[in-house]
>>> print(open('model_23.csv').read())   # CSV, C-alpha atoms
chain,number,residue,atom,x,y,z
X,1,MET,CA,26.2,-59.5,11.2
X,2,ASP,CA,24.3,-61.7,13.7
X,3,ASP,CA,24.3,-60.3,17.3
X,4,VAL,CA,25.7,-56.9,16.1
X,5,LEU,CA,23.6,-53.8,17.0
X,6,VAL,CA,23.6,-51.9,13.8
X,7,GLY,CA,20.9,-49.4,14.6
X,8,MET,CA,17.4,-48.8,15.8
X,9,LEU,CA,13.9,-48.6,14.4
X,10,PHE,CA,11.2,-46.6,16.2
X,11,ARG,CA,7.7,-45.4,15.8
X,12,TYR,CA,5.8,-42.8,17.7
X,13,TRP,CA,2.5,-41.0,17.7
X,14,GLU,CA,2.6,-37.5,16.4
X,15,ASP,CA,-1.1,-37.4,17.5
X,16,GLU,CA,-2.7,-40.6,18.7
X,17,LYS,CA,-6.2,-39.1,18.8
X,18,THR,CA,-6.0,-38.4,15.0
X,19,ARG,CA,-4.0,-41.6,14.3
X,20,TRP,CA,-1.0,-39.8,13.0
X,21,LEU,CA,1.9,-42.2,13.3
X,22,GLU,CA,5.6,-41.6,12.4
X,23,ILE,CA,8.4,-44.0,12.0
X,24,GLY,CA,12.2,-43.6,11.9
X,25,ILE,CA,15.5,-45.4,11.7
X,26,VAL,CA,19.0,-44.8,12.9
X,27,ILE,CA,22.1,-46.7,11.8
X,28,TYR,CA,24.9,-46.0,14.2
X,29,ASP,CA,27.9,-47.3,12.4
X,30,GLU,CA,28.9,-45.6,9.1
X,31,ASN,CA,30.3,-48.9,7.9
X,32,TYR,CA,26.7,-50.1,7.5
X,33,TRP,CA,25.5,-47.0,5.5
X,34,GLY,CA,24.7,-47.4,1.8
X,35,LYS,CA,24.6,-51.2,1.9
X,36,GLY,CA,20.8,-51.6,1.9
X,37,PHE,CA,20.4,-52.6,5.5
X,38,GLY,CA,18.3,-49.6,6.3
X,39,THR,CA,16.1,-50.0,3.3
X,40,GLN,CA,15.4,-53.6,4.1
X,41,ALA,CA,14.8,-52.8,7.8
X,42,LEU,CA,12.4,-50.0,6.8
X,43,ARG,CA,10.5,-52.3,4.4
X,44,GLU,CA,9.9,-54.8,7.1
X,45,TRP,CA,9.2,-52.1,9.7
X,46,ILE,CA,6.5,-50.4,7.5
X,47,SER,CA,4.8,-53.8,7.0
X,48,ASP,CA,5.0,-54.6,10.7
X,49,THR,CA,3.6,-51.2,11.5
X,50,PHE,CA,0.6,-51.5,9.2
X,51,ASP,CA,0.0,-55.1,10.6
X,52,THR,CA,0.3,-54.0,14.2
X,53,PHE,CA,-1.8,-50.8,13.9
X,54,ASP,CA,-4.6,-52.0,11.7
X,55,MET,CA,-6.6,-48.7,12.3
X,56,ILE,CA,-4.1,-46.4,10.7
X,57,GLU,CA,-4.2,-45.4,7.0
X,58,HIS,CA,-0.9,-43.4,6.8
X,59,ILE,CA,2.7,-43.8,8.0
X,60,GLY,CA,4.9,-40.8,8.0
X,61,LEU,CA,8.7,-40.5,8.1
X,62,THR,CA,10.6,-37.2,8.5
X,63,THR,CA,14.2,-36.6,7.6
X,64,TRP,CA,16.4,-33.7,6.5
X,65,SER,CA,17.8,-32.7,3.1
X,66,GLY,CA,21.3,-33.4,4.3
X,67,ASN,CA,20.4,-37.1,4.6
X,68,GLU,CA,20.3,-38.1,0.9
X,69,ARG,CA,20.5,-41.8,1.7
X,70,MET,CA,17.3,-41.6,3.8
X,71,MET,CA,15.6,-39.7,1.1
X,72,LYS,CA,16.6,-42.2,-1.6
X,73,SER,CA,15.6,-45.1,0.6
X,74,SER,CA,12.2,-43.6,1.3
X,75,GLU,CA,11.6,-43.0,-2.4
X,76,LYS,CA,12.8,-46.5,-3.4
X,77,LEU,CA,10.3,-48.0,-1.0
X,78,GLY,CA,7.5,-46.0,-2.6
X,79,LEU,CA,7.0,-43.3,0.1
X,80,LYS,CA,5.9,-40.0,-1.4
X,81,GLN,CA,7.4,-36.6,-0.5
X,82,GLU,CA,4.5,-34.9,1.2
X,83,ALA,CA,6.1,-31.7,2.5
X,84,ARG,CA,9.4,-29.8,2.6
X,85,ILE,CA,9.9,-27.1,5.2
X,86,ARG,CA,12.7,-25.0,3.9
X,87,LYS,CA,15.8,-24.1,5.9
X,88,VAL,CA,14.6,-25.2,9.4
X,89,ARG,CA,17.5,-27.5,10.3
X,90,TYR,CA,20.8,-25.9,11.1
X,91,TRP,CA,23.9,-28.2,11.2
X,92,GLN,CA,27.5,-27.3,11.1
X,93,GLY,CA,26.9,-23.8,9.7
X,94,VAL,CA,24.4,-24.8,7.1
X,95,TYR,CA,20.6,-24.7,6.9
X,96,TYR,CA,18.8,-27.7,5.6
X,97,ASP,CA,15.2,-28.5,4.8
X,98,SER,CA,13.0,-30.8,6.8
X,99,VAL,CA,11.5,-33.4,4.4
X,100,LYS,CA,8.4,-35.3,5.2
X,101,TYR,CA,7.5,-38.6,3.5
X,102,GLY,CA,4.5,-40.8,3.8
X,103,VAL,CA,2.7,-43.9,2.5
X,104,LEU,CA,-0.9,-44.9,2.6
X,105,ARG,CA,-2.0,-48.4,3.5
X,106,GLU,CA,-3.4,-49.1,0.0
X,107,GLU,CA,-0.2,-47.8,-1.6
X,108,TRP,CA,1.9,-50.0,0.6
X,109,GLY,CA,-0.2,-53.1,-0.1
X,110,VAL,CA,0.4,-52.7,-3.9
X,111,ARG,CA,4.1,-51.7,-3.4
X,112,LYS,CA,4.8,-54.5,-0.9
X,113,ASN,CA,3.6,-57.1,-3.3
X,114,SER,CA,5.8,-55.7,-6.1
X,115,LEU,CA,8.9,-55.8,-3.9
X,116,SER,CA,8.5,-59.4,-2.9
>>> encode(input="model_23.csv", output="structure tokens")
Amino acid sequence: MDDVLVGMLFRYWEDEKTRWLEIGIVIYDENYWGKGFGTQALREWISDTFDTFDMIEHIGLTTWSGNERMMKSSEKLGLKQEARIRKVRYWQGVYYDSVKYGVLREEWGVRKNSLS
């Protein structure tokens, strides 16, 4: 898999003044879905984000209820479901929920050590 662009990780300020930071991930090729690449990448990205932004206490991640793999990956990593906005994402004739996850710095420190 060396030198193959599998996807992209990103982070952005929802509101920099209030230190509200969100992260995300996209895996382009379906052949890499469900193989743990995203979970591993997110694990490292969350750690890197807390290390890089030592002033933040919370990292958020938003997905949709049609992306069951992302929801399972988030939960596997110890992110908590913090909000569910019902039927606000419309895709191919179906309404889906927006699902917001988050993790606190102190939760990640405990979780990160148990995942090592």
>>> atom_distance(input="model_23.csv", atom1="CA of Leu104 (chain X)", atom2="CA of Ser74 (chain X)")
13.2 Å
>>> closest_residue(input="model_23.csv", among="X:Asp51, X:Glu22, X:Glu82, X:Glu57", to="Glu106 (chain X)", atoms="only C-alpha atoms")
X:Glu57
>>> atom_distance(input="model_23.csv", atom1="CA of Leu21 (chain X)", atom2="CA of Val4 (chain X)")
28.1 Å
>>> closest_residue(input="model_23.csv", among="X:Glu14, X:Asp54, X:Asp3, X:Asp97", to="Asn67 (chain X)", atoms="only C-alpha atoms")
X:Asp97
>>> closest_residue(input="model_23.csv", among="X:Trp64, X:Met70, X:Glu75, X:Trp33", to="Val88 (chain X)", atoms="all atoms listed in the file")
X:Trp64
>>> atom_distance(input="model_23.csv", atom1="CA of Met55 (chain X)", atom2="CA of Arg84 (chain X)")
26.6 Å
>>> closest_residue(input="model_23.csv", among="X:Lys17, X:His58, X:Lys80, X:Arg43", to="Lys100 (chain X)", atoms="only C-alpha atoms")
X:Lys80
>>> residues_around(input="model_23.csv", residues="Val99 (chain X)", least_positions_apart="6", cutoff="10 Å", atoms="all atoms listed in the file", output="ChimeraX atom specification")
/X:61-67,71,81-86
>>> axis_aligned_box(input="model_23.csv", around="region 95-110 of chain X", padding_each_side="6 Å", output="AutoDock Vina command-line options")
--center_x 8.6 --center_y -38.9 --center_z 1.5 --size_x 36.0 --size_y 40.4 --size_z 22.8
>>> residues_around(input="model_23.csv", residues="Phe10 (chain X)", least_positions_apart="6", cutoff="12 Å", atoms="all atoms listed in the file", output="MDAnalysis selection string")
chainID X and resid 21:27 41:42 45:46 48:49 60:61
>>> closest_residue(input="model_23.csv", among="X:Thr39, X:Lys72, X:Ile56, X:Val103", to="Thr18 (chain X)", atoms="all atoms listed in the file")
X:Ile56
>>> closest_residue(input="model_23.csv", among="X:Lys87, X:Glu68, X:Arg11, X:Ile59", to="Tyr101 (chain X)", atoms="only C-alpha atoms")
X:Ile59
>>> decode(input="model_23.csv", residues="region 20-66 of chain X", atoms="N, CA and C atoms", output="compact mmCIF listing (two decimals), in the first residue's frame")
# COMPACT_ATOMS: atom_id res chain seq x y z
N TRP X 20 -13.45 25.23 19.05
CA TRP X 20 -14.29 24.12 18.61
C TRP X 20 -13.69 23.57 17.32
N LEU X 21 -13.03 22.43 17.45
CA LEU X 21 -12.31 21.81 16.34
C LEU X 21 -12.98 20.51 15.93
N GLU X 22 -13.12 20.30 14.64
CA GLU X 22 -13.70 19.07 14.09
C GLU X 22 -12.66 18.38 13.21
N ILE X 23 -12.76 17.07 13.13
CA ILE X 23 -11.89 16.28 12.25
C ILE X 23 -12.76 15.44 11.33
N GLY X 24 -12.13 14.89 10.30
CA GLY X 24 -12.85 14.01 9.39
C GLY X 24 -11.90 13.15 8.60
N ILE X 25 -12.48 12.23 7.88
CA ILE X 25 -11.71 11.30 7.06
C ILE X 25 -12.53 10.92 5.83
N VAL X 26 -11.85 10.74 4.73
CA VAL X 26 -12.47 10.23 3.51
C VAL X 26 -11.56 9.13 2.98
N ILE X 27 -12.11 7.98 2.69
CA ILE X 27 -11.38 6.92 1.99
C ILE X 27 -12.02 6.80 0.63
N TYR X 28 -11.23 7.09 -0.40
CA TYR X 28 -11.76 7.20 -1.76
C TYR X 28 -12.18 5.86 -2.37
N ASP X 29 -11.35 4.88 -2.24
CA ASP X 29 -11.54 3.61 -2.94
C ASP X 29 -12.28 2.61 -2.05
N GLU X 30 -13.43 2.15 -2.48
CA GLU X 30 -14.23 1.19 -1.71
C GLU X 30 -13.46 -0.08 -1.37
N ASN X 31 -12.44 -0.42 -2.14
CA ASN X 31 -11.65 -1.62 -1.85
C ASN X 31 -10.90 -1.52 -0.52
N TYR X 32 -10.77 -0.30 0.02
CA TYR X 32 -10.09 -0.11 1.30
C TYR X 32 -11.07 0.05 2.45
N TRP X 33 -12.36 0.03 2.17
CA TRP X 33 -13.36 0.17 3.21
C TRP X 33 -13.45 -1.12 4.03
N GLY X 34 -13.70 -0.99 5.31
CA GLY X 34 -13.94 -2.15 6.17
C GLY X 34 -12.71 -2.97 6.48
N LYS X 35 -11.53 -2.43 6.25
CA LYS X 35 -10.29 -3.17 6.49
C LYS X 35 -9.48 -2.59 7.66
N GLY X 36 -10.03 -1.60 8.35
CA GLY X 36 -9.36 -1.04 9.51
C GLY X 36 -8.43 0.13 9.21
N PHE X 37 -8.24 0.46 7.93
CA PHE X 37 -7.34 1.58 7.59
C PHE X 37 -7.86 2.89 8.17
N GLY X 38 -9.14 3.12 8.04
CA GLY X 38 -9.72 4.36 8.53
C GLY X 38 -9.63 4.48 10.04
N THR X 39 -9.92 3.40 10.73
CA THR X 39 -9.85 3.41 12.19
C THR X 39 -8.43 3.69 12.66
N GLN X 40 -7.45 3.04 12.05
CA GLN X 40 -6.05 3.27 12.42
C GLN X 40 -5.64 4.70 12.12
N ALA X 41 -6.02 5.19 10.96
CA ALA X 41 -5.67 6.56 10.58
C ALA X 41 -6.33 7.56 11.54
N LEU X 42 -7.59 7.34 11.89
CA LEU X 42 -8.27 8.23 12.83
C LEU X 42 -7.62 8.20 14.21
N ARG X 43 -7.22 7.02 14.66
CA ARG X 43 -6.55 6.89 15.96
C ARG X 43 -5.32 7.79 15.99
N GLU X 44 -4.51 7.70 14.95
CA GLU X 44 -3.29 8.51 14.89
C GLU X 44 -3.62 9.99 14.71
N TRP X 45 -4.66 10.29 13.94
CA TRP X 45 -5.04 11.68 13.67
C TRP X 45 -5.56 12.36 14.94
N ILE X 46 -6.34 11.65 15.73
CA ILE X 46 -6.84 12.21 16.98
C ILE X 46 -5.67 12.50 17.92
N SER X 47 -4.75 11.56 18.04
CA SER X 47 -3.57 11.79 18.88
C SER X 47 -2.77 12.98 18.39
N ASP X 48 -2.54 13.04 17.08
CA ASP X 48 -1.79 14.15 16.51
C ASP X 48 -2.51 15.48 16.72
N THR X 49 -3.81 15.47 16.61
CA THR X 49 -4.59 16.70 16.78
C THR X 49 -4.49 17.20 18.22
N PHE X 50 -4.62 16.31 19.19
CA PHE X 50 -4.46 16.73 20.59
C PHE X 50 -3.03 17.21 20.85
N ASP X 51 -2.05 16.55 20.25
CA ASP X 51 -0.65 16.97 20.43
C ASP X 51 -0.39 18.33 19.79
N THR X 52 -0.94 18.55 18.62
CA THR X 52 -0.70 19.79 17.87
C THR X 52 -1.44 20.98 18.49
N PHE X 53 -2.65 20.75 18.95
CA PHE X 53 -3.49 21.81 19.50
C PHE X 53 -3.64 21.57 21.01
N ASP X 54 -2.60 21.90 21.74
CA ASP X 54 -2.60 21.58 23.17
C ASP X 54 -3.60 22.40 23.98
N MET X 55 -4.24 23.40 23.36
CA MET X 55 -5.20 24.23 24.07
C MET X 55 -6.63 23.70 23.97
N ILE X 56 -6.88 22.72 23.11
CA ILE X 56 -8.26 22.23 22.97
C ILE X 56 -8.54 21.08 23.94
N GLU X 57 -9.77 20.99 24.34
CA GLU X 57 -10.20 19.94 25.27
C GLU X 57 -11.14 18.93 24.62
N HIS X 58 -11.58 19.22 23.39
CA HIS X 58 -12.60 18.39 22.73
C HIS X 58 -12.31 18.34 21.24
N ILE X 59 -12.45 17.16 20.67
CA ILE X 59 -12.39 16.99 19.21
C ILE X 59 -13.73 16.41 18.78
N GLY X 60 -14.32 17.02 17.75
CA GLY X 60 -15.59 16.54 17.23
C GLY X 60 -15.44 15.89 15.86
N LEU X 61 -16.39 15.06 15.53
CA LEU X 61 -16.45 14.38 14.24
C LEU X 61 -17.92 14.24 13.88
N THR X 62 -18.28 14.64 12.68
CA THR X 62 -19.68 14.55 12.25
C THR X 62 -19.78 13.63 11.05
N THR X 63 -20.75 12.73 11.08
CA THR X 63 -21.01 11.83 9.97
C THR X 63 -22.53 11.77 9.77
N TRP X 64 -22.98 10.79 9.03
CA TRP X 64 -24.42 10.64 8.81
C TRP X 64 -24.80 9.19 9.06
N SER X 65 -26.06 8.96 9.36
CA SER X 65 -26.52 7.63 9.77
C SER X 65 -26.41 6.60 8.66
N GLY X 66 -26.22 7.03 7.43
CA GLY X 66 -26.01 6.09 6.34
C GLY X 66 -24.59 5.56 6.27
